[in-house]
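S.K.: Handing over target-v1.cif, mmCIF, C-alpha atoms and all ligand atoms.
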```
data_query
#
loop_
_atom_site.label_atom_id
_atom_site.label_comp_id
_atom_site.auth_asym_id
_atom_site.auth_seq_id
_atom_site.Cartn_x
_atom_site.Cartn_y
_atom_site.Cartn_z
CA MET A 484 -2.39 2.96 24.14
CA THR A 485 -3.86 -0.50 23.69
CA GLY A 486 -2.51 -2.51 20.79
CA TRP A 487 -4.96 -3.95 18.28
CA THR A 488 -5.26 -7.54 17.19
CA GLU A 489 -7.48 -8.80 14.38
CA GLN A 490 -10.33 -9.16 16.89
CA ASP A 491 -10.41 -5.37 17.39
CA VAL A 492 -11.28 -4.64 13.76
CA PRO A 493 -14.85 -3.29 13.80
CA ALA A 494 -17.71 -4.19 11.45
CA VAL A 495 -17.46 -2.47 8.06
CA GLU A 496 -20.89 -3.51 6.75
CA GLY A 497 -21.79 -1.87 3.46
CA LYS A 498 -18.40 -0.28 2.87
CA VAL A 499 -16.56 -0.64 -0.45
CA ALA A 500 -12.80 -1.24 -0.28
CA ILE A 501 -10.03 -1.63 -2.84
CA VAL A 502 -6.91 -3.58 -1.83
CA THR A 503 -3.94 -3.52 -4.20
CA GLY A 504 -1.76 -6.64 -4.32
CA ALA A 505 -4.58 -8.59 -2.67
CA ASN A 506 -3.68 -12.07 -3.95
CA VAL A 507 -1.05 -12.91 -1.37
CA GLY A 508 0.66 -11.80 1.85
CA LEU A 509 -0.63 -8.75 3.69
CA GLY A 510 -3.04 -7.77 0.92
CA PHE A 511 -4.71 -11.18 1.06
CA GLU A 512 -5.08 -11.02 4.86
CA THR A 513 -6.41 -7.45 4.71
CA THR A 514 -8.97 -8.57 2.12
CA ARG A 515 -9.99 -11.61 4.17
CA VAL A 516 -10.66 -9.57 7.33
CA LEU A 517 -12.44 -6.66 5.62
CA ALA A 518 -14.68 -9.08 3.70
CA LYS A 519 -15.40 -11.11 6.87
CA ARG A 520 -16.39 -7.87 8.63
CA GLY A 521 -18.90 -7.04 5.89
CA ALA A 522 -17.10 -4.90 3.30
CA THR A 523 -17.25 -5.45 -0.45
CA VAL A 524 -13.63 -5.79 -1.50
CA VAL A 525 -12.14 -5.28 -4.95
CA MET A 526 -8.96 -7.33 -5.18
CA ALA A 527 -6.77 -5.21 -7.48
CA CYS A 528 -4.10 -7.56 -8.83
CA ARG A 529 -1.75 -7.82 -11.78
CA ASN A 530 -2.08 -11.58 -12.25
CA GLN A 531 -5.71 -12.64 -12.74
CA GLN A 532 -5.03 -16.35 -12.35
CA LYS A 533 -3.41 -15.83 -8.95
CA ALA A 534 -6.11 -13.34 -7.99
CA ASN A 535 -8.95 -15.76 -8.81
CA ALA A 536 -7.28 -18.52 -6.78
CA ALA A 537 -6.87 -16.05 -3.87
CA ARG A 538 -10.53 -15.06 -4.14
CA ASP A 539 -11.53 -18.73 -3.85
CA LEU A 540 -9.40 -18.92 -0.70
CA VAL A 541 -11.13 -15.84 0.78
CA LEU A 542 -14.52 -17.45 0.03
CA SER A 543 -13.38 -20.62 1.82
CA HIS A 544 -13.27 -18.47 5.00
CA GLY A 545 -17.06 -18.18 4.86
CA VAL A 546 -17.29 -14.95 2.86
CA ALA A 547 -20.29 -14.48 0.53
CA PRO A 548 -19.23 -14.47 -3.17
CA GLU A 549 -20.75 -11.02 -3.81
CA ARG A 550 -18.41 -9.57 -1.17
CA VAL A 551 -15.22 -10.13 -3.19
CA ARG A 552 -14.36 -9.42 -6.79
CA VAL A 553 -11.17 -9.43 -8.79
CA SER A 554 -10.01 -6.66 -11.07
CA ALA A 555 -6.86 -6.15 -13.16
CA LEU A 556 -4.34 -3.55 -12.01
CA ASP A 557 -0.68 -3.35 -12.92
CA LEU A 558 0.91 -0.53 -10.96
CA ALA A 559 3.94 -0.65 -13.26
CA ASP A 560 1.80 0.65 -16.12
CA GLN A 561 0.04 4.03 -15.98
CA GLY A 562 -2.36 2.86 -18.72
CA SER A 563 -3.51 -0.02 -16.54
CA ILE A 564 -3.97 2.32 -13.56
CA GLU A 565 -6.13 4.67 -15.63
CA ALA A 566 -8.25 1.80 -16.98
CA PHE A 567 -8.73 0.34 -13.48
CA ALA A 568 -9.72 3.72 -11.98
CA ASP A 569 -12.17 4.38 -14.85
CA GLU A 570 -13.77 0.98 -14.29
CA ILE A 571 -14.18 1.64 -10.56
CA LYS A 572 -15.62 5.13 -11.08
CA ALA A 573 -18.10 3.74 -13.63
CA GLU A 574 -19.25 0.98 -11.27
CA TYR A 575 -19.28 2.55 -7.81
CA ASP A 576 -20.87 5.79 -6.56
CA SER A 577 -18.95 5.51 -3.33
CA LEU A 578 -15.56 4.23 -2.24
CA ASP A 579 -14.81 4.02 1.48
CA LEU A 580 -11.33 2.52 1.56
CA LEU A 581 -8.37 2.52 -0.78
CA ILE A 582 -5.60 0.31 0.59
CA ASN A 583 -2.34 1.02 -1.25
CA ASN A 584 -0.68 -2.25 -0.24
CA ALA A 585 1.07 -3.80 -3.27
CA GLY A 586 4.82 -3.62 -3.32
CA LEU A 587 8.13 -4.95 -4.56
CA MET A 588 11.35 -5.13 -2.56
CA GLY A 589 15.01 -5.39 -3.37
CA LEU A 590 14.78 -6.13 -7.07
CA ALA A 591 17.62 -5.38 -9.46
CA GLU A 592 17.53 -2.31 -11.68
CA SER A 593 14.56 -2.27 -14.04
CA LYS A 594 12.01 0.19 -15.36
CA THR A 595 8.22 0.34 -15.47
CA ALA A 596 6.30 0.70 -18.73
CA ASP A 597 6.56 4.47 -18.25
CA GLY A 598 10.31 4.46 -17.63
CA PHE A 599 10.30 4.86 -13.84
CA ASP A 600 12.60 2.90 -11.54
CA THR A 601 10.38 -0.11 -10.81
CA GLN A 602 10.37 0.19 -7.02
CA PHE A 603 9.78 3.97 -7.07
CA GLY A 604 7.32 3.55 -9.95
CA VAL A 605 5.20 0.76 -8.45
CA ASN A 606 5.47 1.39 -4.71
CA HIS A 607 5.12 5.18 -4.83
CA LEU A 608 4.19 6.68 -8.22
CA GLY A 609 1.74 3.90 -9.13
CA HIS A 610 -0.14 4.29 -5.86
CA MET A 611 -0.04 8.08 -6.04
CA ALA A 612 -1.56 8.02 -9.54
CA LEU A 613 -4.18 5.50 -8.46
CA THR A 614 -5.12 7.57 -5.40
CA LEU A 615 -5.43 10.83 -7.34
CA ARG A 616 -7.52 9.16 -10.04
CA LEU A 617 -9.88 7.76 -7.38
CA LEU A 618 -10.04 10.90 -5.20
CA PRO A 619 -13.26 12.20 -6.82
CA VAL A 620 -15.20 9.12 -5.70
CA LEU A 621 -13.36 8.89 -2.34
CA ASN A 622 -14.16 12.53 -1.57
CA GLU A 623 -17.82 11.89 -2.40
CA THR A 624 -17.92 9.24 0.34
CA ALA A 625 -18.34 10.33 3.96
CA GLY A 626 -15.52 9.02 6.16
CA ALA A 627 -13.41 7.68 3.27
CA ARG A 628 -9.78 6.70 3.90
CA VAL A 629 -6.64 6.11 1.89
CA VAL A 630 -4.21 3.77 3.65
CA THR A 631 -0.69 3.50 2.25
CA VAL A 632 1.52 0.61 3.35
CA THR A 633 5.07 1.64 4.10
CA SER A 634 7.93 -0.07 5.91
CA PHE A 635 10.25 0.32 8.87
CA GLY A 636 12.70 0.66 5.97
CA HIS A 637 11.43 4.24 5.47
CA ARG A 638 13.86 5.17 8.28
CA PRO A 639 17.14 4.80 6.33
CA GLY A 640 15.40 6.16 3.22
CA ARG A 641 16.48 9.22 1.27
CA ILE A 642 14.58 10.88 -1.58
CA ARG A 643 16.81 11.49 -4.61
CA LEU A 644 15.05 14.70 -5.64
CA ASP A 645 17.46 15.22 -8.53
CA ASP A 646 17.50 11.60 -9.74
CA PRO A 647 14.64 9.50 -8.29
CA ASN A 648 14.77 6.98 -11.15
CA PHE A 649 18.53 6.37 -10.94
CA GLU A 650 19.23 7.71 -14.41
CA GLN A 651 22.52 9.31 -13.42
CA GLY A 652 23.62 7.69 -10.17
CA ARG A 653 24.38 3.99 -9.65
CA HIS A 654 21.28 1.95 -8.87
CA GLY A 655 21.06 0.25 -5.50
CA ARG A 656 18.25 -2.23 -4.97
CA TRP A 657 17.96 -1.32 -1.26
CA ARG A 658 18.39 2.41 -1.79
CA ALA A 659 15.56 2.18 -4.30
CA TYR A 660 13.33 0.25 -1.87
CA PHE A 661 14.01 2.56 1.09
CA GLN A 662 13.40 5.62 -1.11
CA SER A 663 10.04 4.22 -2.22
CA LYS A 664 8.96 3.44 1.34
CA LEU A 665 9.97 6.89 2.61
CA ALA A 666 8.02 8.30 -0.33
CA ASN A 667 4.96 6.32 0.87
CA ILE A 668 4.94 8.17 4.22
CA LEU A 669 5.76 11.59 2.76
CA PHE A 670 2.91 11.06 0.28
CA THR A 671 0.54 10.05 3.10
CA ALA A 672 1.32 13.24 5.03
CA GLU A 673 1.21 15.61 2.04
CA LEU A 674 -2.03 14.07 0.77
CA GLY A 675 -3.54 14.58 4.24
CA ARG A 676 -2.49 18.24 4.31
CA ARG A 677 -3.93 18.83 0.84
CA LEU A 678 -7.20 17.05 1.69
CA ASP A 679 -7.59 19.23 4.79
CA ALA A 680 -6.78 22.38 2.84
CA ALA A 681 -9.42 21.42 0.24
CA GLY A 682 -11.99 20.82 3.00
CA ALA A 683 -12.37 17.16 1.97
CA GLY A 684 -13.31 14.74 4.73
CA THR A 685 -11.09 11.93 3.43
CA LEU A 686 -8.39 10.69 5.80
CA SER A 687 -4.89 9.68 4.67
CA THR A 688 -3.15 7.21 6.98
CA ALA A 689 -0.22 4.79 6.79
CA ALA A 690 0.78 1.44 8.24
CA HIS A 691 3.77 -0.85 8.30
CA PRO A 692 3.73 -4.56 9.15
CA GLY A 693 7.09 -4.86 10.92
CA TYR A 694 8.56 -8.08 9.64
CA SER A 695 5.91 -10.45 8.33
CA ARG A 696 6.20 -13.80 6.59
CA THR A 697 5.07 -13.14 2.99
CA GLU A 698 6.41 -13.46 -0.55
CA LEU A 699 8.10 -10.03 -0.36
CA GLY A 700 11.64 -10.19 -1.76
CA LYS A 701 10.80 -13.06 -4.12
CA ASP A 702 12.43 -11.11 -6.95
CA ASP A 703 15.78 -11.77 -5.27
CA PRO A 704 15.81 -15.59 -4.90
CA GLY A 705 19.25 -15.44 -3.25
CA LEU A 706 17.89 -13.28 -0.47
CA ARG A 707 14.88 -15.50 0.11
CA ALA A 708 17.02 -18.63 0.18
CA THR A 709 19.59 -17.24 2.65
CA LEU A 710 18.78 -14.42 5.07
CA PHE A 711 15.00 -14.71 4.91
CA SER A 712 14.79 -18.48 5.26
CA PHE A 713 16.54 -18.08 8.62
CA SER A 714 15.01 -14.84 9.92
CA ASP A 715 11.49 -15.80 8.74
CA ARG A 716 11.56 -18.58 11.31
CA ILE A 717 13.14 -16.59 14.15
CA VAL A 718 11.74 -13.03 14.01
CA ALA A 719 8.88 -12.77 11.54
CA GLN A 720 5.22 -12.66 12.49
CA SER A 721 2.44 -14.15 10.40
CA ALA A 722 1.02 -12.25 7.43
CA ALA A 723 -2.29 -12.16 9.34
CA ALA A 724 -0.63 -10.35 12.27
CA GLY A 725 1.27 -8.09 9.84
CA ALA A 726 -1.99 -6.95 8.27
CA VAL A 727 -3.40 -5.63 11.57
CA PRO A 728 -1.61 -2.22 11.42
CA THR A 729 -3.17 -1.74 7.96
CA LEU A 730 -6.59 -2.77 9.27
CA ARG A 731 -6.23 -0.38 12.20
CA ALA A 732 -5.18 2.48 9.89
CA ALA A 733 -8.29 1.69 7.83
CA THR A 734 -10.87 1.34 10.61
CA ASP A 735 -9.76 2.84 13.94
CA PRO A 736 -12.41 5.48 14.69
CA ASP A 737 -9.76 7.53 16.55
CA ALA A 738 -7.31 7.67 13.61
CA VAL A 739 -6.17 11.18 12.72
CA GLN A 740 -4.92 12.70 9.46
CA GLY A 741 -1.43 11.34 8.62
CA ALA A 742 -1.40 8.69 11.39
CA LEU A 743 1.06 5.79 11.11
CA TYR A 744 0.46 2.39 12.73
CA GLY A 745 3.00 -0.38 13.22
CA PRO A 746 3.73 -3.34 15.49
CA ARG A 747 4.45 -2.57 19.14
CA MET A 748 7.82 -4.40 19.11
CA MET A 749 9.08 -2.90 15.83
CA ALA A 750 9.14 -6.23 13.92
CA PHE A 751 6.15 -7.90 15.57
CA GLY A 752 3.38 -7.36 18.10
CA THR A 753 -0.03 -5.74 18.36
CA ALA A 754 -0.75 -2.69 16.19
CA VAL A 755 -0.08 0.69 17.84
CA PRO A 756 0.35 4.28 16.64
CA GLU A 757 3.96 5.07 15.73
CA THR A 758 5.96 8.23 15.05
CA PRO A 759 7.57 8.27 11.58
CA SER A 760 11.25 9.18 11.17
CA ARG A 761 12.28 12.83 11.33
CA THR A 762 12.80 12.86 7.54
CA ALA A 763 9.34 11.41 7.01
CA ARG A 764 7.92 14.31 9.06
CA ASP A 765 9.68 16.95 6.92
CA ALA A 766 6.77 18.89 5.38
CA GLU A 767 9.04 20.77 3.00
CA LEU A 768 10.48 17.54 1.62
CA ALA A 769 6.96 16.10 1.30
CA ALA A 770 5.87 19.12 -0.77
CA LYS A 771 8.95 18.80 -2.99
CA LEU A 772 8.32 15.09 -3.54
CA TRP A 773 4.69 15.87 -4.40
CA ASP A 774 5.71 18.41 -7.05
CA LEU A 775 8.37 16.10 -8.47
CA SER A 776 5.89 13.20 -8.63
CA MET A 777 3.26 15.36 -10.34
CA ASP A 778 5.84 16.35 -12.95
CA LEU A 779 6.70 12.70 -13.53
CA LEU A 780 3.01 11.79 -13.77
CA ALA A 781 2.11 14.68 -16.09
CA PRO A 782 2.56 12.63 -19.31
CA ALA A 783 -0.02 10.18 -17.92
CA LYS A 784 -2.36 13.16 -17.34
CA VAL A 785 -2.65 12.61 -13.60
CA SER A 786 -3.88 15.74 -11.91
CA TRP A 787 -5.55 17.11 -8.85
N1 LIG B 1 6.38 -8.52 4.61
C1 LIG B 1 7.05 -7.61 5.32
O1 LIG B 1 7.77 -7.92 6.30
C2 LIG B 1 6.97 -6.17 4.94
C3 LIG B 1 7.76 -5.27 5.66
C4 LIG B 1 7.65 -3.92 5.37
C5 LIG B 1 6.77 -3.47 4.41
N2 LIG B 1 6.04 -4.36 3.70
C6 LIG B 1 5.12 -3.83 2.67
O2 LIG B 1 3.91 -4.53 2.68
C7 LIG B 1 3.30 -4.48 1.37
C8 LIG B 1 2.80 -5.87 1.00
O3 LIG B 1 3.89 -6.74 0.87
P1 LIG B 1 3.86 -8.27 1.27
O4 LIG B 1 4.85 -8.44 2.35
O5 LIG B 1 2.47 -8.74 1.46
O6 LIG B 1 4.51 -8.88 -0.05
P2 LIG B 1 4.04 -9.99 -1.11
O7 LIG B 1 3.56 -11.20 -0.41
O8 LIG B 1 5.17 -10.13 -2.06
O9 LIG B 1 2.80 -9.27 -1.85
C9 LIG B 1 3.03 -8.17 -2.68
C10 LIG B 1 1.83 -7.96 -3.57
O10 LIG B 1 2.10 -6.84 -4.43
C11 LIG B 1 1.76 -7.23 -5.76
N3 LIG B 1 2.45 -6.46 -6.79
C12 LIG B 1 3.77 -6.38 -7.04
N4 LIG B 1 4.00 -5.62 -8.12
C13 LIG B 1 2.79 -5.20 -8.57
C14 LIG B 1 2.36 -4.42 -9.66
N5 LIG B 1 3.20 -3.93 -10.57
N6 LIG B 1 1.02 -4.19 -9.81
C15 LIG B 1 0.15 -4.71 -8.94
N7 LIG B 1 0.49 -5.48 -7.89
C16 LIG B 1 1.80 -5.73 -7.72
C17 LIG B 1 2.14 -8.71 -5.82
O11 LIG B 1 1.58 -9.34 -6.95
P3 LIG B 1 2.17 -10.74 -7.52
O12 LIG B 1 1.72 -11.81 -6.57
O13 LIG B 1 1.57 -10.84 -8.86
O14 LIG B 1 3.66 -10.61 -7.53
C18 LIG B 1 1.54 -9.15 -4.50
O15 LIG B 1 0.16 -9.30 -4.62
C19 LIG B 1 4.38 -3.91 0.44
O16 LIG B 1 4.08 -2.56 0.17
C20 LIG B 1 5.66 -4.01 1.26
O17 LIG B 1 6.60 -3.00 0.93
C21 LIG B 1 6.11 -5.70 3.95
#
```
Hey, can you dump this file as structure tokens for me?
M.R.:
Amino acid sequence: MTGWTEQDVPAVEGKVAIVTGANVGLGFETTRVLAKRGATVVMACRNQQKANAARDLVLSHGVAPERVRVSALDLADQGSIEAFADEIKAEYDSLDLLINNAGLMGLAESKTADGFDTQFGVNHLGHMALTLRLLPVLNETAGARVVTVTSFGHRPGRIRLDDPNFEQGRHGRWRAYFQSKLANILFTAELGRRLDAAGAGTLSTAAHPGYSRTELGKDDPGLRATLFSFSDRIVAQSAAAGAVPTLRAATDPDAVQGALYGPRMMAFGTAVPETPSRTARDAELAAKLWDLSMDLLAPAKVSW
């Protein structure tokens, strides 16, 4: 199987894409390439000042201004997710690509506006709610895709079915991150199964960037100043290279339901199809996580 580089990303003229966390890192690079290839991209970001500066940077790559717009989305707040989805559904009759990219890693115990563990709440529940709210318009669009960005860190992950928000057990910043990234893949697979069962043509795929130089982990300054400052120079690939698995998951015409793409050499390299961990392929666990997540999202009136 040939690995993809940025040059392999096909034209996406006329397509509408949403990229969450588009102001920096992988989300910025994904936006840049999709817009350069002809898509209209909505940069869904929590900080409008940063997002506007990032949009200017995308435009400096020769992208027409009408190709990129900024919109407010805070995945740590179900109210913000609902408002964003309503705005999109009011403005667009079709939506070709939803790229669930935004994420937080390794932050100390904290809760979202709705009381979820922040990493589980933003990385998984926020994106699940966003996806389900946008499904009506995605399913109206021929060939639509939902791409969810996970991590190699899904492999040590475990889903705490009885306590996903660490209300009883001791919080662990890495346990919380790995759980959220395993949840991303289980969600991708279960969404795909449900889309197929409903006869919808929408594809659900996943990608991970290996180890890419971005701002991820900035919530733990100690980590960035020690381990990352060293390993960023030795092992990490650029954010542009790290975005290619996402771009392949979004545009490879041969992608199948539930496909995962990652770098050929685990941390770096061209983007190739990858087999998720055994736990991530557990359909029973995926169904349980789905039901648990729907229960948690019920107060926000998220449904399918
Ligand atoms: N870099 C890697 O090596 C690596 C490895 C494995 C997986 N990943 C995954 O790749 C994805 C992108 O990460 P990155 O490396 O590009 O990190 P990054 O440079 O830190 O970018 C993360 C983005 O997510 C946004 N974000 C965080 N919380 C949010 C919220 N509540 N609502 C909306 N947006 C929010 C950030 O916004 P602000 O700028 O406002 O903070 C930022 O735009 C994540 O899902 C991460 O888990 C990355």
S.K.: Here is a test: counting all atoms listed in the file, which residue of A:Thr753, A:Thr523, A:Gln532, A:Ser695 is nearest to ligand LIG 1 (chain B)?
M.R.: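 Using all atoms listed in the file, the shortest distance to ligand LIG 1 (chain B) belongs to A:Ser695.
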S.K.: If we count all atoms listed in the file and set the cut-off at 9 Å, which residues sit around Val553 of chain A, ignoring sequence neighbours fewer than 2 positions away in its own chain? Please answer as a list in words.
M.R.: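 Counting only the stated atoms, we get Val524, Val525, Met526, Ala527, Cys528, Gln531, Ala534, Asn535, Arg538, Val551 and Ala555 of chain A.
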S.K.: For ligand LIG 1 (chain B), return the neighbouring residues as number ranges by chain (distance at most 6 Å; all atoms listed in the file).
M.R.: A: 504-510, 528-530, 556-559, 584-587, 605, 632-634, 691-699
S.K.: Calculate how many Å separate atom CA of Arg520 of chain A from atom CA of Val546 of chain A, rounding to one decimal.
M.R.: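 Atom CA of Val546 of chain A lies 9.2 Å from atom CA of Arg520 of chain A.
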S.K.: Using all atoms listed in the file for the distances, tell me which of A:Thr688, A:Pro647, A:Pro759, A:Ala723 is nearest to Gly598 of chain A.
M.R.: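 Using all atoms listed in the file, the shortest distance to Gly598 of chain A belongs to A:Pro647.
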S.K.: Report the distance between atom CA of Ala690 of chain A and atom CA of Ala726 of chain A in Å, rounded to one decimal place.
M.R.: 8.8 Å
S.K.: In Å, with one decimal, what is the gap from atom CA of Glu549 of chain A to atom CA of Glu574 of chain A?
M.R.: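 These atoms are spaced 14.2 Å apart.
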S.K.: Could you list, as a list in words, every residue within 12 Å of Lys572 of chain A, counting all atoms listed in the file and ignoring same-chain residues fewer than 2 positions away?
M.R.: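 Once the adjacent positions are removed, what remains is Glu565, Ala566, Phe567, Ala568, Asp569, Glu570, Glu574, Tyr575, Asp576, Ser577, Leu578, Leu613, Arg616, Leu617, Leu618, Pro619, Val620, Leu621 and Glu623 of chain A.
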S.K.: How would the residues just chosen look if you wrote them out with C-alpha atoms as a tab-separated table (two decimals), in the coordinates of the input?
M.R.:
```
chain	number	residue	atom	x	y	z
A	565	GLU	CA	-6.13	4.67	-15.63
A	566	ALA	CA	-8.25	1.80	-16.98
A	567	PHE	CA	-8.73	0.34	-13.48
A	568	ALA	CA	-9.72	3.72	-11.98
A	569	ASP	CA	-12.17	4.38	-14.85
A	570	GLU	CA	-13.77	0.98	-14.29
A	574	GLU	CA	-19.25	0.98	-11.27
A	575	TYR	CA	-19.28	2.55	-7.81
A	576	ASP	CA	-20.87	5.79	-6.56
A	577	SER	CA	-18.95	5.51	-3.33
A	578	LEU	CA	-15.56	4.23	-2.24
A	613	LEU	CA	-4.18	5.50	-8.46
A	616	ARG	CA	-7.52	9.16	-10.04
A	617	LEU	CA	-9.88	7.76	-7.38
A	618	LEU	CA	-10.04	10.90	-5.20
A	619	PRO	CA	-13.26	12.20	-6.82
A	620	VAL	CA	-15.20	9.12	-5.70
A	621	LEU	CA	-13.36	8.89	-2.34
A	623	GLU	CA	-17.82	11.89	-2.40
```
S.K.: Excluding Gly545 of chain A and its own-chain neighbours fewer than 4 positions away, which residues fall within 10 Å of it when counting all atoms listed in the file? Please give them as a PyMOL selection string.
M.R.: chain A and resi 515+518-519+540-541
S.K.: Applying 10 Å and all atoms listed in the file, which residues near Phe670 of chain A remain after dropping the ones on its own chain fewer than 5 positions away? List them as a PyMOL selection string.
M.R.: chain A and resi 607-608+610-611+631+664-665+675-676+687-689+741+763+769-770+772-773+776
S.K.: Leaving out Ala738 of chain A and any residue of its chain fewer than 6 positions from it, which residues lie within 9 Å of it when counting only C-alpha atoms, given as a CSV table (one decimal) with C-alpha atoms, keeping the file's coordinate frame?
M.R.:
```
chain,number,residue,atom,x,y,z
A,686,LEU,CA,-8.4,10.7,5.8
A,688,THR,CA,-3.2,7.2,7.0
A,731,ARG,CA,-6.2,-0.4,12.2
A,732,ALA,CA,-5.2,2.5,9.9
A,756,PRO,CA,0.4,4.3,16.6
```
S.K.: Using all atoms listed in the file, can you tell me which of A:Met748, A:Gln662, A:Ala733, A:Phe511 comes closest to Ala719 of chain A?
M.R.: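 The shortest atom-to-atom distance to Ala719 of chain A comes from A:Met748.
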S.K.: Which of these residues is nearest to Leu644 of chain A, using all atoms listed in the file: A:Arg761, A:Lys771, A:Lys498, A:Lys784?
M.R.: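 Closest to Leu644 of chain A, using all atoms listed in the file: A:Lys771.
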S.K.: Which residue is closest to Asp774 of chain A? Choose from A:Asn622, A:Ser721, A:Leu590, A:Leu674 and count all atoms listed in the file.
M.R.: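 Comparing A:Asn622, A:Ser721, A:Leu590, A:Leu674 against Asp774 of chain A, the winner is A:Leu674.
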S.K.: Point out the residue among A:Ala750, A:Ala573, A:Ala522, A:Ala683 with the least atom-to-atom distance to Ile501 of chain A, counting only C-alpha atoms.
M.R.: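 The shortest atom-to-atom distance to Ile501 of chain A comes from A:Ala522.
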S.K.: Is it possible to add N, CA and C atoms to segment 518-538 of chain A and hand it back as a PDB file, keeping the file's coordinate frame?
M.R.:
```pdb
ATOM      1  N   ALA A 518     -13.522  -8.382   4.267  1.00  0.00           N
ATOM      2  CA  ALA A 518     -14.680  -9.080   3.700  1.00  0.00           C
ATOM      3  C   ALA A 518     -15.454  -9.805   4.802  1.00  0.00           C
ATOM      4  N   LYS A 519     -14.740 -10.423   5.742  1.00  0.00           N
ATOM      5  CA  LYS A 519     -15.400 -11.110   6.870  1.00  0.00           C
ATOM      6  C   LYS A 519     -16.202 -10.124   7.721  1.00  0.00           C
ATOM      7  N   ARG A 520     -15.707  -8.880   7.798  1.00  0.00           N
ATOM      8  CA  ARG A 520     -16.390  -7.870   8.630  1.00  0.00           C
ATOM      9  C   ARG A 520     -17.491  -7.140   7.848  1.00  0.00           C
ATOM     10  N   GLY A 521     -17.726  -7.553   6.596  1.00  0.00           N
ATOM     11  CA  GLY A 521     -18.900  -7.040   5.890  1.00  0.00           C
ATOM     12  C   GLY A 521     -18.648  -6.098   4.737  1.00  0.00           C
ATOM     13  N   ALA A 522     -17.372  -5.804   4.430  1.00  0.00           N
ATOM     14  CA  ALA A 522     -17.100  -4.900   3.300  1.00  0.00           C
ATOM     15  C   ALA A 522     -17.205  -5.664   1.972  1.00  0.00           C
ATOM     16  N   THR A 523     -17.425  -4.913   0.901  1.00  0.00           N
ATOM     17  CA  THR A 523     -17.250  -5.450  -0.450  1.00  0.00           C
ATOM     18  C   THR A 523     -15.843  -5.068  -0.858  1.00  0.00           C
ATOM     19  N   VAL A 524     -15.034  -6.069  -1.223  1.00  0.00           N
ATOM     20  CA  VAL A 524     -13.630  -5.790  -1.500  1.00  0.00           C
ATOM     21  C   VAL A 524     -13.295  -6.069  -2.962  1.00  0.00           C
ATOM     22  N   VAL A 525     -12.671  -5.091  -3.596  1.00  0.00           N
ATOM     23  CA  VAL A 525     -12.140  -5.280  -4.950  1.00  0.00           C
ATOM     24  C   VAL A 525     -10.674  -5.660  -4.787  1.00  0.00           C
ATOM     25  N   MET A 526     -10.350  -6.874  -5.238  1.00  0.00           N
ATOM     26  CA  MET A 526      -8.960  -7.330  -5.180  1.00  0.00           C
ATOM     27  C   MET A 526      -8.269  -6.843  -6.455  1.00  0.00           C
ATOM     28  N   ALA A 527      -7.411  -5.833  -6.318  1.00  0.00           N
ATOM     29  CA  ALA A 527      -6.770  -5.210  -7.480  1.00  0.00           C
ATOM     30  C   ALA A 527      -5.393  -5.843  -7.677  1.00  0.00           C
ATOM     31  N   CYS A 528      -5.297  -6.720  -8.691  1.00  0.00           N
ATOM     32  CA  CYS A 528      -4.100  -7.560  -8.830  1.00  0.00           C
ATOM     33  C   CYS A 528      -3.607  -7.595 -10.277  1.00  0.00           C
ATOM     34  N   ARG A 529      -2.298  -7.814 -10.423  1.00  0.00           N
ATOM     35  CA  ARG A 529      -1.750  -7.820 -11.780  1.00  0.00           C
ATOM     36  C   ARG A 529      -1.868  -9.178 -12.461  1.00  0.00           C
ATOM     37  N   ASN A 530      -2.000 -10.235 -11.677  1.00  0.00           N
ATOM     38  CA  ASN A 530      -2.080 -11.580 -12.250  1.00  0.00           C
ATOM     39  C   ASN A 530      -3.460 -12.165 -11.934  1.00  0.00           C
ATOM     40  N   GLN A 531      -4.315 -12.256 -12.974  1.00  0.00           N
ATOM     41  CA  GLN A 531      -5.710 -12.640 -12.740  1.00  0.00           C
ATOM     42  C   GLN A 531      -5.876 -14.093 -12.302  1.00  0.00           C
ATOM     43  N   GLN A 532      -4.953 -14.940 -12.751  1.00  0.00           N
ATOM     44  CA  GLN A 532      -5.030 -16.350 -12.350  1.00  0.00           C
ATOM     45  C   GLN A 532      -4.793 -16.481 -10.842  1.00  0.00           C
ATOM     46  N   LYS A 533      -3.718 -15.805 -10.390  1.00  0.00           N
ATOM     47  CA  LYS A 533      -3.410 -15.830  -8.950  1.00  0.00           C
ATOM     48  C   LYS A 533      -4.529 -15.161  -8.159  1.00  0.00           C
ATOM     49  N   ALA A 534      -5.072 -14.084  -8.710  1.00  0.00           N
ATOM     50  CA  ALA A 534      -6.110 -13.340  -7.990  1.00  0.00           C
ATOM     51  C   ALA A 534      -7.375 -14.184  -7.844  1.00  0.00           C
ATOM     52  N   ASN A 535      -7.744 -14.929  -8.902  1.00  0.00           N
ATOM     53  CA  ASN A 535      -8.950 -15.760  -8.810  1.00  0.00           C
ATOM     54  C   ASN A 535      -8.761 -16.890  -7.797  1.00  0.00           C
ATOM     55  N   ALA A 536      -7.555 -17.458  -7.766  1.00  0.00           N
ATOM     56  CA  ALA A 536      -7.280 -18.520  -6.780  1.00  0.00           C
ATOM     57  C   ALA A 536      -7.349 -17.933  -5.364  1.00  0.00           C
ATOM     58  N   ALA A 537      -6.835 -16.697  -5.186  1.00  0.00           N
ATOM     59  CA  ALA A 537      -6.870 -16.050  -3.870  1.00  0.00           C
ATOM     60  C   ALA A 537      -8.306 -15.745  -3.464  1.00  0.00           C
ATOM     61  N   ARG A 538      -9.110 -15.340  -4.446  1.00  0.00           N
ATOM     62  CA  ARG A 538     -10.530 -15.060  -4.140  1.00  0.00           C
ATOM     63  C   ARG A 538     -11.225 -16.325  -3.634  1.00  0.00           C
TER      64      ARG A 538
END
```
